[in-house]
Each structure stands twice: as structure tokens, then as C-alpha cells.
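Containing compact mmCIF, C-alpha atoms and all ligand atoms: coords_36.txt.
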```
# COMPACT_ATOMS: atom_id res chain seq x y z
CA MET A 29 12.52 -3.73 -18.47
CA SER A 30 10.04 -6.50 -18.97
CA ASN A 31 10.06 -9.96 -17.55
CA THR A 32 8.31 -11.97 -20.20
CA SER A 33 11.01 -14.58 -20.58
CA LYS A 34 11.61 -16.31 -17.28
CA GLN A 35 14.06 -18.97 -18.48
CA GLU A 36 17.51 -19.01 -16.99
CA ILE A 37 20.21 -17.22 -18.87
CA LEU A 38 23.10 -19.62 -19.06
CA PRO A 39 26.57 -19.14 -20.43
CA LYS A 40 26.26 -19.82 -24.13
CA GLU A 41 29.09 -18.19 -25.97
CA PRO A 42 32.49 -19.67 -26.62
CA GLY A 43 34.13 -16.45 -25.32
CA THR A 44 32.45 -16.67 -21.91
CA PRO A 45 35.08 -16.08 -19.24
CA LYS A 46 35.84 -19.04 -17.02
CA CYS A 47 35.03 -16.95 -13.95
CA ALA A 48 31.52 -16.59 -15.20
CA ALA A 49 31.13 -20.30 -15.35
CA LEU A 50 30.27 -20.23 -11.64
CA ASP A 51 28.50 -23.45 -11.12
CA HIS A 52 25.06 -23.04 -12.56
CA PHE A 53 23.45 -24.97 -9.71
CA VAL A 54 25.22 -22.87 -7.10
CA LEU A 55 23.93 -19.75 -8.81
CA GLN A 56 20.40 -21.10 -8.98
CA SER A 57 20.32 -22.24 -5.39
CA LEU A 58 21.48 -18.88 -4.01
CA PRO A 59 18.74 -17.33 -1.89
CA LEU A 60 19.60 -13.98 -3.49
CA ALA A 61 19.23 -12.58 -6.96
CA ALA A 62 22.58 -13.06 -8.72
CA VAL A 63 23.81 -11.72 -12.04
CA ILE A 64 27.20 -12.43 -13.60
CA PHE A 65 28.59 -10.07 -16.19
CA ASP A 66 31.81 -9.80 -18.17
CA ARG A 67 34.25 -6.90 -18.45
CA ASP A 68 31.98 -5.21 -21.00
CA LEU A 69 29.07 -5.48 -18.56
CA LYS A 70 27.44 -7.99 -20.82
CA ILE A 71 25.23 -10.35 -18.83
CA ILE A 72 26.61 -13.86 -18.87
CA SER A 73 24.33 -15.54 -16.43
CA ALA A 74 21.53 -14.74 -14.02
CA ASN A 75 19.53 -16.92 -11.66
CA SER A 76 15.75 -17.10 -11.64
CA SER A 77 15.51 -14.85 -8.54
CA ALA A 78 17.27 -12.13 -10.52
CA LEU A 79 14.93 -12.60 -13.44
CA GLU A 80 11.98 -12.22 -11.11
CA LEU A 81 13.32 -9.35 -9.06
CA ILE A 82 14.77 -7.02 -11.64
CA GLU A 83 13.02 -8.37 -14.71
CA ILE A 84 16.11 -8.63 -16.82
CA GLY A 85 14.93 -11.71 -18.70
CA LYS A 86 14.12 -10.32 -22.09
CA THR A 87 16.62 -7.52 -22.07
CA ALA A 88 19.35 -9.82 -20.89
CA ASP A 89 18.68 -12.16 -23.76
CA ALA A 90 19.07 -9.24 -26.10
CA THR A 91 22.23 -8.26 -24.27
CA LEU A 92 23.76 -11.65 -24.80
CA SER A 93 23.75 -11.05 -28.50
CA ALA A 94 23.96 -7.26 -28.65
CA GLY A 95 26.71 -6.60 -26.11
CA THR A 96 26.54 -4.05 -23.32
CA ASN A 97 23.14 -2.63 -22.80
CA GLU A 98 23.13 0.69 -20.98
CA LYS A 99 19.41 0.41 -20.42
CA ILE A 100 19.92 -2.57 -18.17
CA TRP A 101 22.50 -1.03 -15.92
CA GLY A 102 21.40 2.61 -16.04
CA ASN A 103 23.17 4.57 -13.27
CA TRP A 104 24.95 1.43 -12.13
CA GLN A 105 27.14 1.23 -15.22
CA SER A 106 29.95 3.34 -13.78
CA THR A 107 29.83 1.57 -10.40
CA LEU A 108 30.16 -1.84 -12.03
CA LEU A 109 32.99 -0.66 -14.27
CA GLU A 110 34.76 0.67 -11.18
CA VAL A 111 34.40 -2.70 -9.44
CA ILE A 112 36.03 -4.37 -12.43
CA GLU A 113 38.68 -1.70 -12.70
CA LYS A 114 39.68 -1.56 -9.03
CA GLY A 115 38.87 -5.15 -8.11
CA LYS A 116 37.06 -4.01 -4.94
CA ILE A 117 33.81 -5.25 -3.47
CA CYS A 118 31.13 -2.57 -3.14
CA ARG A 119 28.04 -2.79 -0.96
CA PHE A 120 24.95 -0.58 -1.05
CA ASP A 121 22.28 -0.67 1.64
CA ASN A 122 18.66 0.39 1.32
CA VAL A 123 18.59 0.99 -2.43
CA ALA A 124 15.09 1.94 -3.56
CA PHE A 125 14.26 -0.01 -6.70
CA THR A 126 11.15 -0.08 -8.84
CA VAL A 127 10.04 -3.63 -9.50
CA ALA A 128 6.94 -5.06 -11.16
CA GLY A 129 5.06 -5.21 -7.82
CA GLY A 130 5.97 -1.63 -6.85
CA GLN A 131 8.86 -0.20 -4.88
CA ALA A 132 11.37 -2.60 -3.32
CA ILE A 133 14.29 -1.94 -1.00
CA LEU A 134 17.41 -3.84 -2.00
CA GLU A 135 20.79 -4.56 -0.53
CA ILE A 136 23.22 -4.71 -3.44
CA THR A 137 26.72 -6.19 -3.47
CA CYS A 138 29.02 -5.95 -6.49
CA ALA A 139 32.12 -8.12 -6.48
CA PRO A 140 34.82 -8.67 -9.09
CA LEU A 141 35.20 -12.18 -10.50
CA ARG A 142 38.76 -13.37 -11.13
CA GLU A 143 40.17 -15.99 -13.42
CA SER A 144 41.32 -18.71 -11.00
CA SER A 145 44.68 -19.40 -12.70
CA THR A 146 45.79 -15.83 -13.45
CA SER A 147 43.71 -13.82 -10.93
CA ASP A 148 42.84 -11.45 -13.78
CA ILE A 149 39.49 -9.78 -13.36
CA LYS A 150 37.20 -11.19 -16.01
CA GLY A 151 33.91 -9.71 -14.94
CA GLY A 152 31.74 -9.21 -11.92
CA LEU A 153 29.01 -10.65 -9.76
CA LEU A 154 26.01 -8.63 -8.68
CA LEU A 155 24.05 -9.89 -5.68
CA LEU A 156 20.70 -8.32 -4.91
CA GLU A 157 18.75 -9.05 -1.77
CA ASP A 158 15.18 -7.88 -1.38
CA ILE A 159 15.07 -6.49 2.17
CA THR A 160 11.77 -4.63 1.80
CA GLN A 161 10.05 -6.61 4.55
CA ARG A 162 13.02 -6.35 6.92
CA ALA A 163 13.28 -2.60 6.27
CA ASN A 164 9.56 -2.13 6.94
CA ILE A 165 9.71 -4.07 10.22
CA LYS A 166 12.73 -2.01 11.26
CA LYS A 167 10.87 1.18 10.46
CA GLN A 168 7.87 0.01 12.48
CA LEU A 169 10.07 -0.92 15.43
CA GLU A 170 11.77 2.45 15.37
CA HIS A 171 8.37 4.09 15.28
CA THR A 172 7.13 2.05 18.27
CA GLU A 173 10.31 2.86 20.19
CA ARG A 174 9.84 6.55 19.42
CA LEU A 175 6.28 6.36 20.71
CA ALA A 176 7.37 4.60 23.90
CA ALA A 177 10.04 7.23 24.47
CA LEU A 178 7.49 9.95 23.81
CA GLY A 179 5.12 8.34 26.33
CA LYS A 180 7.81 8.33 29.03
CA LEU A 181 8.81 11.90 28.32
CA ALA A 182 5.19 13.02 28.25
CA SER A 183 4.57 11.41 31.61
CA LYS A 184 7.57 13.18 33.18
CA VAL A 185 6.65 16.56 31.73
CA ALA A 186 3.02 16.15 32.74
CA HIS A 187 3.95 15.31 36.33
CA GLU A 188 6.26 18.29 36.52
CA LEU A 189 3.62 20.65 35.14
CA ASN A 190 0.76 19.48 37.31
CA ASN A 191 1.83 21.18 40.53
CA PRO A 192 2.68 24.66 39.19
CA ILE A 193 -0.50 24.71 37.13
CA ASP A 194 -2.51 23.85 40.18
CA GLY A 195 -0.90 26.76 42.00
CA ILE A 196 -1.51 29.23 39.16
CA MET A 197 -5.14 28.16 38.97
CA ARG A 198 -5.59 28.79 42.67
CA TYR A 199 -3.99 32.26 42.45
CA ILE A 200 -6.15 33.13 39.44
CA ASN A 201 -9.25 32.22 41.41
CA LEU A 202 -8.11 34.26 44.43
CA ALA A 203 -7.32 37.25 42.20
CA LYS A 204 -10.68 36.92 40.46
CA ARG A 205 -12.51 36.99 43.77
CA ALA A 206 -10.58 39.99 45.03
CA ILE A 207 -11.03 41.95 41.81
CA SER A 208 -14.71 41.17 41.40
CA GLU A 209 -15.30 42.41 44.95
CA LYS A 210 -14.05 45.78 43.71
CA GLY A 211 -16.48 45.65 40.79
CA LEU A 212 -13.81 45.58 38.07
CA ALA A 213 -15.45 43.60 35.27
CA LYS A 214 -12.69 43.70 32.65
CA PRO A 215 -9.84 42.29 34.76
CA VAL A 216 -12.17 39.52 35.90
CA GLU A 217 -12.86 38.70 32.25
CA TYR A 218 -9.11 38.59 31.52
CA LEU A 219 -8.57 36.23 34.41
CA GLU A 220 -11.39 34.04 33.16
CA HIS A 221 -9.60 33.76 29.81
CA ALA A 222 -6.37 32.90 31.61
CA GLY A 223 -8.24 30.26 33.62
CA ALA A 224 -9.74 28.76 30.46
CA GLY A 225 -6.25 28.51 28.94
CA LEU A 226 -5.01 26.75 32.02
CA GLU A 227 -7.93 24.35 31.98
CA ARG A 228 -7.01 23.45 28.43
CA MET A 229 -3.46 22.73 29.60
CA VAL A 230 -4.83 20.54 32.38
CA GLN A 231 -6.90 18.67 29.78
CA ILE A 232 -3.82 17.97 27.65
CA ILE A 233 -1.79 16.93 30.67
CA THR A 234 -4.50 14.58 31.91
CA GLU A 235 -4.69 12.93 28.50
CA LEU A 236 -0.92 12.69 28.29
CA LEU A 237 -0.75 11.04 31.68
CA GLU A 238 -3.43 8.59 30.63
CA PHE A 239 -1.55 7.84 27.44
CA SER A 240 1.72 7.19 29.20
CA ARG A 241 0.22 5.07 31.95
CA ASN A 242 1.39 1.54 31.43
CA LYS A 243 -1.21 -0.53 33.17
CA TYR A 244 -4.93 -0.22 33.09
CA SER A 245 -6.52 -0.62 36.47
CA PRO A 246 -8.77 -3.65 36.35
CA LEU A 247 -11.88 -3.09 38.38
CA GLU A 248 -14.09 -5.89 39.42
CA ASP A 249 -16.18 -7.55 36.73
CA MET A 250 -18.83 -5.25 35.36
CA PRO A 251 -21.50 -6.00 32.76
CA LEU A 252 -20.61 -4.47 29.42
CA ASP A 253 -24.02 -2.84 29.06
CA LYS A 254 -23.52 -1.06 32.39
CA MET A 255 -20.18 0.35 31.16
CA ILE A 256 -21.79 1.53 27.92
CA ASP A 257 -24.75 3.00 29.84
CA ASP A 258 -22.40 4.83 32.20
CA SER A 259 -20.51 6.36 29.29
CA ILE A 260 -23.78 7.41 27.62
CA ARG A 261 -24.89 9.03 30.87
CA PHE A 262 -21.56 10.79 31.15
CA MET A 263 -21.71 12.15 27.60
CA ALA A 264 -25.48 12.85 27.59
CA PRO A 265 -25.22 16.60 28.37
CA ALA A 266 -22.81 17.14 25.43
CA ALA A 267 -25.04 15.06 23.16
CA ARG A 268 -28.14 17.00 24.20
CA ALA A 269 -26.40 20.33 23.63
CA ALA A 270 -25.46 19.24 20.10
CA GLU A 271 -28.95 17.80 19.42
CA ILE A 272 -27.64 14.30 19.02
CA GLU A 273 -29.71 11.23 19.65
CA ILE A 274 -27.99 8.16 21.10
CA GLU A 275 -29.59 4.84 20.20
CA LYS A 276 -28.71 1.56 21.91
CA GLN A 277 -29.01 -1.60 19.88
CA TYR A 278 -28.17 -4.57 22.04
CA SER A 279 -30.06 -7.22 23.84
CA LEU A 280 -29.25 -8.24 27.38
CA PRO A 281 -27.54 -9.90 29.03
CA LEU A 282 -24.11 -8.79 27.83
CA PRO A 283 -21.01 -10.40 29.34
CA LYS A 284 -19.10 -8.96 32.26
CA MET A 285 -15.73 -7.35 31.59
CA LYS A 286 -12.77 -6.51 33.80
CA VAL A 287 -11.21 -3.69 31.84
CA GLY A 288 -11.67 -0.61 34.00
CA ASN A 289 -10.56 1.75 31.27
CA LEU A 290 -13.22 0.52 28.83
CA PHE A 291 -15.41 3.28 30.21
CA GLN A 292 -12.81 5.78 29.07
CA VAL A 293 -12.67 4.19 25.60
CA PHE A 294 -16.45 4.36 25.22
CA CYS A 295 -16.57 7.96 26.45
CA ASN A 296 -13.89 8.96 24.00
CA LEU A 297 -15.58 7.28 21.04
CA LEU A 298 -18.85 8.95 21.99
CA LYS A 299 -17.17 12.32 22.42
CA ASN A 300 -15.59 12.03 18.98
CA ALA A 301 -18.90 10.97 17.41
CA ILE A 302 -20.62 13.97 19.00
CA GLU A 303 -17.90 16.32 17.80
CA ALA A 304 -18.15 14.90 14.28
CA MET A 305 -21.81 16.04 14.11
CA PRO A 306 -21.83 19.78 14.79
CA ASP A 307 -25.28 20.08 13.19
CA GLY A 308 -26.83 17.24 15.15
CA GLY A 309 -27.35 13.63 14.19
CA LYS A 310 -27.42 10.19 15.67
CA VAL A 311 -25.01 7.75 17.31
CA THR A 312 -25.98 4.10 17.25
CA ILE A 313 -24.23 1.81 19.70
CA SER A 314 -24.56 -1.89 19.02
CA CYS A 315 -23.00 -4.81 20.80
CA ASN A 316 -22.88 -8.53 20.20
CA VAL A 317 -20.67 -11.44 21.08
CA SER A 318 -19.22 -13.51 18.26
CA GLU A 319 -19.10 -17.29 18.23
CA ASP A 320 -15.43 -17.23 19.19
CA ASN A 321 -16.31 -15.17 22.27
CA ILE A 322 -15.25 -11.72 21.14
CA ALA A 323 -17.39 -8.80 22.26
CA ILE A 324 -17.91 -6.45 19.28
CA ILE A 325 -19.06 -2.96 20.21
CA LYS A 326 -19.83 -0.54 17.37
CA PHE A 327 -20.22 3.22 17.55
CA GLN A 328 -21.76 4.48 14.33
CA ASP A 329 -22.44 8.16 13.78
CA THR A 330 -24.01 10.21 11.02
CA GLY A 331 -21.25 12.81 10.98
CA GLN A 332 -18.75 13.97 8.41
CA GLY A 333 -16.55 10.84 8.54
CA PHE A 334 -12.79 11.10 8.05
CA GLU A 335 -10.47 11.12 5.03
CA PRO A 336 -10.12 7.43 4.03
CA GLN A 337 -6.33 7.72 3.84
CA ASN A 338 -6.33 8.74 7.53
CA SER A 339 -7.96 5.59 8.88
CA GLU A 340 -4.68 4.63 10.61
CA ALA A 341 -3.21 8.10 11.13
CA ILE A 342 -6.13 9.13 13.38
CA PHE A 343 -4.82 6.64 15.96
CA GLU A 344 -1.43 8.36 16.06
CA PRO A 345 -0.77 10.54 19.12
CA PHE A 346 -1.31 14.25 18.40
CA PHE A 347 -3.09 13.65 15.10
CA THR A 348 -6.10 15.91 15.11
CA THR A 349 -8.24 17.66 12.53
CA LYS A 350 -10.11 19.65 15.15
CA THR A 351 -9.35 23.34 14.91
CA GLY A 352 -9.53 26.15 17.44
CA GLY A 353 -7.72 24.18 20.12
CA LYS A 354 -10.56 21.67 20.35
CA GLY A 355 -8.51 18.54 19.81
CA THR A 356 -5.35 17.15 21.38
CA GLY A 357 -5.06 14.15 19.07
CA LEU A 358 -4.58 11.86 22.05
CA GLY A 359 -8.03 10.30 22.48
CA LEU A 360 -7.82 7.55 19.88
CA ALA A 361 -4.16 6.84 20.64
CA ILE A 362 -5.16 6.24 24.25
CA CYS A 363 -8.14 4.09 23.17
CA ARG A 364 -5.91 1.93 21.00
CA ASP A 365 -3.36 1.64 23.79
CA ILE A 366 -6.00 0.54 26.30
CA MET A 367 -7.53 -1.95 23.87
CA GLU A 368 -4.21 -3.50 22.91
CA LYS A 369 -3.21 -3.92 26.53
CA ALA A 370 -6.51 -5.68 27.13
CA GLY A 371 -5.86 -8.05 24.22
CA GLY A 372 -8.41 -6.37 21.97
CA LYS A 373 -8.39 -3.75 19.25
CA VAL A 374 -10.26 -0.75 17.90
CA ILE A 375 -10.64 0.02 14.22
CA ALA A 376 -12.16 2.88 12.25
CA GLN A 377 -14.02 2.86 8.98
CA ASN A 378 -16.25 5.24 7.14
CA ALA A 379 -19.89 4.16 6.98
CA PRO A 380 -21.06 3.31 3.44
CA ASP A 381 -23.61 6.14 3.34
CA GLN A 382 -22.60 8.79 5.86
CA GLY A 383 -20.48 9.12 8.97
CA SER A 384 -18.04 6.70 10.52
CA ILE A 385 -18.00 3.47 12.49
CA PHE A 386 -15.56 2.78 15.30
CA THR A 387 -15.52 -0.87 16.31
CA VAL A 388 -14.08 -2.24 19.52
CA TYR A 389 -13.17 -5.95 19.69
CA LEU A 390 -12.52 -7.45 23.09
CA PRO A 391 -12.13 -11.08 24.14
CA VAL A 392 -14.71 -12.10 26.71
CA THR A 393 -12.97 -13.44 29.79
CA GLU A 394 -15.80 -14.41 32.11
P1 LIG B 1 -8.99 14.64 19.03
O1 LIG B 1 -10.42 14.26 19.29
O2 LIG B 1 -8.37 15.39 20.15
O3 LIG B 1 -8.76 15.26 17.69
P2 LIG B 1 -8.61 11.80 18.71
O4 LIG B 1 -7.37 10.98 18.79
O5 LIG B 1 -9.73 11.37 19.59
O6 LIG B 1 -8.14 13.26 19.01
O7 LIG B 1 -9.11 11.81 17.21
C1 LIG B 1 -8.19 12.06 16.18
C2 LIG B 1 -8.90 12.48 14.91
O8 LIG B 1 -9.68 11.38 14.43
C3 LIG B 1 -9.90 13.59 15.07
O9 LIG B 1 -9.29 14.85 15.06
C4 LIG B 1 -10.78 13.37 13.83
O10 LIG B 1 -10.15 13.88 12.68
C5 LIG B 1 -10.78 11.85 13.69
N1 LIG B 1 -12.02 11.25 14.26
C6 LIG B 1 -12.14 10.63 15.43
N2 LIG B 1 -13.41 10.21 15.62
C7 LIG B 1 -14.10 10.56 14.53
C8 LIG B 1 -15.47 10.40 14.10
N3 LIG B 1 -16.38 9.79 14.86
N4 LIG B 1 -15.81 10.88 12.88
C9 LIG B 1 -14.90 11.51 12.10
N5 LIG B 1 -13.59 11.68 12.44
C10 LIG B 1 -13.20 11.22 13.63
```

Take the structure in the file and write it out as C-alpha cells.
Ligand code: ADP
Amino acid sequence: MSNTSKQEILPKEPGTPKCAALDHFVLQSLPLAAVIFDRDLKIISANSSALELIEIGKTADATLSAGTNEKIWGNWQSTLLEVIEKGKICRFDNVAFTVAGGQAILEITCAPLRESSTSDIKGGLLLLEDITQRANIKKQLEHTERLAALGKLASKVAHELNNPIDGIMRYINLAKRAISEKGLAKPVEYLEHAGAGLERMVQIITELLEFSRNKYSPLEDMPLDKMIDDSIRFMAPAARAAEIEIEKQYSLPLPKMKVGNLFQVFCNLLKNAIEAMPDGGKVTISCNVSEDNIAIIKFQDTGQGFEPQNSEAIFEPFFTTKTGGKGTGLGLAICRDIMEKAGGKVIAQNAPDQGSIFTVYLPVTE
């Protein structure tokens, strides 16, 4: 269906049923797309919203002279005929519909139109409401609610698991000591594997607890450069082991910040950068403050980057591309959570040449 002719389609023919002569101005002023058709499903009238939404302009013109056009109604033909036949109103929610701009979600109502004097059904009225935006917001809300519920559940499970894991770890260590005193190398090795597995569980639990924690703990004001320096110091052994150089590109003084968990955000971004460069490389950390007082901290690496279509997905909890149990997929979700609670944000983009850039934006409060 094309939409080349955007003029209104008004009742023209002498045989037009009276019911279809719904006041033209009423039809036009409806905030919905409205189409009136007769018993043969021939379009009698349509408002400009309908012409725009379902692009019936040209085809409808043809229909006015050529009678019923199956191409216009497609699968809806039988539904509309049923409405006319049974005189019942039908409503359809969340109908996916291809429009010129892409896919739209419509709410469609079909109602019979009756001749006022005889009550005979003379045709029907089709109302189409574009609810794409509403449907998307609803989907987003549901998603956020799911995440919040997941956070609460994760926190409960993590708390419950913490104590028994602690106990198991202690018993493993005791057993290891006792067995190694007897010179049994193999069982000690097995227990070391068991211990490593438990440590991994502790890692996941710690991250889950961090993710589900609602409030960040504001420390006293601390200069931003000190927080960045602390995180570099913390991650330095891992960077050295992977032959990664860390370059700082900022001039002092940087403002003071109150977000205690910023350290955790920086550590996580550095850790990810390091892990994205298994064959070595460089992380450049730059920081400046914009004119509207936003601190912009960039972590650019020379690693493999990420799939462009995943630039949002990587912030989802449990999204990870790291194999061999290396990733939990919680780091960036936690970073985003911390940043949003602090009134800032973190975004990811691939660098134009190689690697990726993670940028933290945070309002300066001092
Ligand atoms: P994890 O590190 O446990 O996988 P994250 O939430 O920290 O969880 O990261 C999610 C995913 O984002 C990673 O698995 C990786 O695919 C991608 N990612 C994060 N940082 C980088 C980076 N610096 N370069 C390339 N990909 C990255």
C-alpha cells in the first residue's frame, strides 16, 4: 500500500449509506485513525490519521471506484464481515502492523454502523490507535521491575549462601592441612580445585550483593584523581601480568567527589579493559570537567572491542562473553547502577581504530 495521495477520502457516491455520513469534521478531529466502510467493505471515508498510519490513500481511492479491494483488508476481511454480520464490536490489542516508518503496534476496534432510522447495519467503523510508544514504555517498565525483583532475590540467596560457603571453605582448608601433613599430594590437589570453585562462588555472591545493594555509601569528599590513582594501584598487578601499560591523561587539580563506590566503578572498567587485551596493550585514562560541571572520565583500551549491537546488552546483568568461567556479567550492570544512583551515567562505544571506550559522566557537587 502506498501513501502518495494524502487528501481526505470523503463520501462521494450517491449510494453512500447514511451511517457512513458520520460528520466529516468529527471523523477528522478524532485523535485516532478512523476508516468507514460499507457492507461490501468498500471504503467510504477515512480521516487523515488513517491515511498516514496505514497508507490507504491511493488504494482507497481505487477502492471507491472499483469496489471491495482484498489487498486493503488482507486477513482482516473476514473479521470485518463478521462485525457487519453479527453487529458486534470487536477489539484487538497489540496488533503488529508494518507501516512506512517500520513496525507499529496498534489497538484496533471494529464496530458496526447502523442506519439511525431502521437500525440496519449499513457498514462498519474501524478505529486504529498507534500504541507503539505506550507498548515500549510498558515493556521497559516490566523489564525494570524484573531486574528489581532479580536484585532482591539475588540479595536473599547471596546472604543465605554466604555462611555455608564460609564453613565449607574452612573445612577444606583444615582437610588440606591434615592431608598434606601425611604427604598425600593428590588429595591436596583435589581440595585445591574444590577451594578454587568455592572462591569463584564467593566472587559471584560478592558481586550479586553489590548489585542488589540499594544505597552507595558516600565517603567523605575525595579528589577524583586520587580515586583513579587508587584504582590503578589496585589493578596494577593484573595489568603488569598482562603486559598492559596504563597511561593517565589529566591535569590537576580534579574536583572532589563523594561517591564512595566510584572506586569500584573505575576498578571494574580497568579490569574489563585488561581482560579485553589478552596479548597486552594500553589503557588510557583521561578526565576533564565540562563547562556545565560534569566530570567526564574515559577509559580507552586497545583491545578487541565488543560487537556494536551489544553496546547496551553488555550493561545487562549476567551478560558476558568471557568463557571458561571468567565472567559473571555483573560488573557493568553494577557500574551502571552505581552511576545512575549518583546522578551520572556510563556509556560504551567502540574506538574508531581499535578497542573500546567506556565513558563515565558524573555531576560535580563540590
Ligand atoms: P564480565 O566482565 O563478568 O563479563 P561485565 O558486566 O563487566 O561482566 O562485562 C560484560 C561484557 O561486556 C563482557 O563480557 C564483555 O563482552 C564486554 N566488555 C566489557 N568491557 C569491555 C572492554 N573494555 N572491551 C570489550 N568488551 C568489553

- Query: Using only C-alpha atoms, which residues sit within 9 Å of range 377-379 of chain A once same-chain residues fewer than 5 positions away are excluded, as a ChimeraX atom specification?
  - Reply: /A:328-330,333-336,339,384-387

- So which residues are near ligand LIG 1 (chain B), meaning at most 9 Å away with only C-alpha atoms and all ligand atoms counted, given back as a VMD selection string? chain A and resid 296 to 305 327 to 335 338 to 339 341 to 351 353 to 363 376 378 383 to 386

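CA of Glu220 in chain A sits 8.2 Å away from CA of Ile200 in chain A.
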
Neighbouring residues of range 223-229 of chain A were defined as those with any atom within 12 Å, considering only C-alpha atoms; residues of the same chain fewer than 6 positions away were excluded. Please report them as a PDB file with C-alpha atoms, in the coordinates of the input.
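selection.pdb, freshly written:
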```pdb
ATOM      1  CA  ALA A 186       3.020  16.150  32.740  1.00  0.00           C
ATOM      2  CA  LEU A 189       3.620  20.650  35.140  1.00  0.00           C
ATOM      3  CA  ASN A 190       0.760  19.480  37.310  1.00  0.00           C
ATOM      4  CA  PRO A 192       2.680  24.660  39.190  1.00  0.00           C
ATOM      5  CA  ILE A 193      -0.500  24.710  37.130  1.00  0.00           C
ATOM      6  CA  ASP A 194      -2.510  23.850  40.180  1.00  0.00           C
ATOM      7  CA  GLY A 195      -0.900  26.760  42.000  1.00  0.00           C
ATOM      8  CA  ILE A 196      -1.510  29.230  39.160  1.00  0.00           C
ATOM      9  CA  MET A 197      -5.140  28.160  38.970  1.00  0.00           C
ATOM     10  CA  ARG A 198      -5.590  28.790  42.670  1.00  0.00           C
ATOM     11  CA  TYR A 199      -3.990  32.260  42.450  1.00  0.00           C
ATOM     12  CA  ILE A 200      -6.150  33.130  39.440  1.00  0.00           C
ATOM     13  CA  ASN A 201      -9.250  32.220  41.410  1.00  0.00           C
ATOM     14  CA  LEU A 202      -8.110  34.260  44.430  1.00  0.00           C
ATOM     15  CA  ALA A 203      -7.320  37.250  42.200  1.00  0.00           C
ATOM     16  CA  LYS A 204     -10.680  36.920  40.460  1.00  0.00           C
ATOM     17  CA  VAL A 216     -12.170  39.520  35.900  1.00  0.00           C
ATOM     18  CA  GLU A 217     -12.860  38.700  32.250  1.00  0.00           C
ATOM     19  CA  GLU A 235      -4.690  12.930  28.500  1.00  0.00           C
ATOM     20  CA  LEU A 236      -0.920  12.690  28.290  1.00  0.00           C
ATOM     21  CA  GLY A 352      -9.530  26.150  17.440  1.00  0.00           C
ATOM     22  CA  GLY A 353      -7.720  24.180  20.120  1.00  0.00           C
ATOM     23  CA  LYS A 354     -10.560  21.670  20.350  1.00  0.00           C
ATOM     24  CA  GLY A 355      -8.510  18.540  19.810  1.00  0.00           C
ATOM     25  CA  THR A 356      -5.350  17.150  21.380  1.00  0.00           C
TER      26      THR A 356
END
```

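Distance annotation: of A:Asp257, A:Glu113, A:Asp158, A:Glu188, the residue with the minimal separation from Arg142 in chain A is A:Glu113; atom set is only C-alpha atoms.
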
Pro283 in chain A: which residues within 9 Å, counting only C-alpha atoms, same-chain residues fewer than 5 positions away excluded, as a short mmCIF file (atom, residue, chain, number, x, y, z; two decimals) with C-alpha atoms, keeping the file's coordinate frame?
```
data_model
loop_
_atom_site.label_atom_id
_atom_site.label_comp_id
_atom_site.auth_asym_id
_atom_site.auth_seq_id
_atom_site.Cartn_x
_atom_site.Cartn_y
_atom_site.Cartn_z
CA MET A 250 -18.83 -5.25 35.36
CA PRO A 251 -21.50 -6.00 32.76
CA LEU A 252 -20.61 -4.47 29.42
CA ASP A 253 -24.02 -2.84 29.06
CA VAL A 317 -20.67 -11.44 21.08
CA ALA A 323 -17.39 -8.80 22.26
CA VAL A 392 -14.71 -12.10 26.71
CA THR A 393 -12.97 -13.44 29.79
CA GLU A 394 -15.80 -14.41 32.11
#
```

- Task: Give the answer as one residue: which of A:Leu69, A:Ile233, A:Ala267, A:Val63 has the shortest atom-to-atom distance to Leu109 in chain A, using only C-alpha atoms?
- Result: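 For Leu109 in chain A, the nearest of the given residues is A:Leu69.
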
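Minimum atom-to-atom distance to Met367 in chain A, evaluated using only C-alpha atoms, belongs to A:Pro391 out of A:Gly130, A:Pro391, A:Gly211, A:Gly102.
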
- Among the residues A:Val127, A:Cys295, A:Val185, A:Ile324, the one that comes closest to Val374 in chain A [using all atoms listed in the file]: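 With all atoms listed in the file as the atom set, the closest residue is A:Ile324.
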
- Task: Please determine the residues with any atom at most 6 Å from (-11.5, -7.4, 33.7) (coordinates as given in the file, with only C-alpha atoms counting) and report them as a PyMOL selection string.
- Result: chain A and resi 246+249+285-287

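Between CA of Ile313 in chain A and CA of Lys276 in chain A the interatomic distance comes to 5.0 Å.
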
Can I get a file of range 123-133 of chain A from the given structure, N, CA, C and O atoms kept, as a CSV table (one decimal), in the first residue's frame?
```csv
chain,number,residue,atom,x,y,z
A,123,VAL,N,-1.6,-5.3,18.1
A,123,VAL,CA,-1.5,-5.9,16.7
A,123,VAL,C,-0.3,-5.3,16.1
A,123,VAL,O,-0.1,-4.1,15.9
A,124,ALA,N,0.6,-6.2,15.7
A,124,ALA,CA,1.8,-5.7,15.0
A,124,ALA,C,1.5,-5.4,13.6
A,124,ALA,O,0.8,-6.1,12.9
A,125,PHE,N,1.9,-4.2,13.1
A,125,PHE,CA,1.5,-3.7,11.8
A,125,PHE,C,2.7,-3.1,11.1
A,125,PHE,O,3.4,-2.3,11.8
A,126,THR,N,2.9,-3.4,9.9
A,126,THR,CA,4.0,-2.8,9.2
A,126,THR,C,3.6,-1.5,8.6
A,126,THR,O,2.6,-1.4,7.8
A,127,VAL,N,4.2,-0.4,9.0
A,127,VAL,CA,3.8,0.9,8.4
A,127,VAL,C,5.1,1.5,7.7
A,127,VAL,O,6.2,0.9,7.8
A,128,ALA,N,4.9,2.6,7.1
A,128,ALA,CA,6.0,3.2,6.3
A,128,ALA,C,7.3,3.3,7.2
A,128,ALA,O,8.4,3.0,6.7
A,129,GLY,N,7.1,3.8,8.4
A,129,GLY,CA,8.3,4.0,9.3
A,129,GLY,C,8.8,2.8,9.9
A,129,GLY,O,9.7,2.8,10.7
A,130,GLY,N,8.3,1.6,9.7
A,130,GLY,CA,8.7,0.4,10.3
A,130,GLY,C,7.5,-0.4,10.9
A,130,GLY,O,6.4,-0.4,10.4
A,131,GLN,N,7.8,-1.0,12.1
A,131,GLN,CA,6.8,-1.8,12.7
A,131,GLN,C,6.1,-1.0,13.8
A,131,GLN,O,6.7,-0.3,14.6
A,132,ALA,N,4.7,-1.0,13.7
A,132,ALA,CA,4.0,-0.3,14.7
A,132,ALA,C,3.1,-1.3,15.5
A,132,ALA,O,2.8,-2.4,15.0
A,133,ILE,N,2.7,-0.9,16.7
A,133,ILE,CA,1.8,-1.7,17.5
A,133,ILE,C,0.5,-1.0,17.6
A,133,ILE,O,0.5,0.2,18.0
```
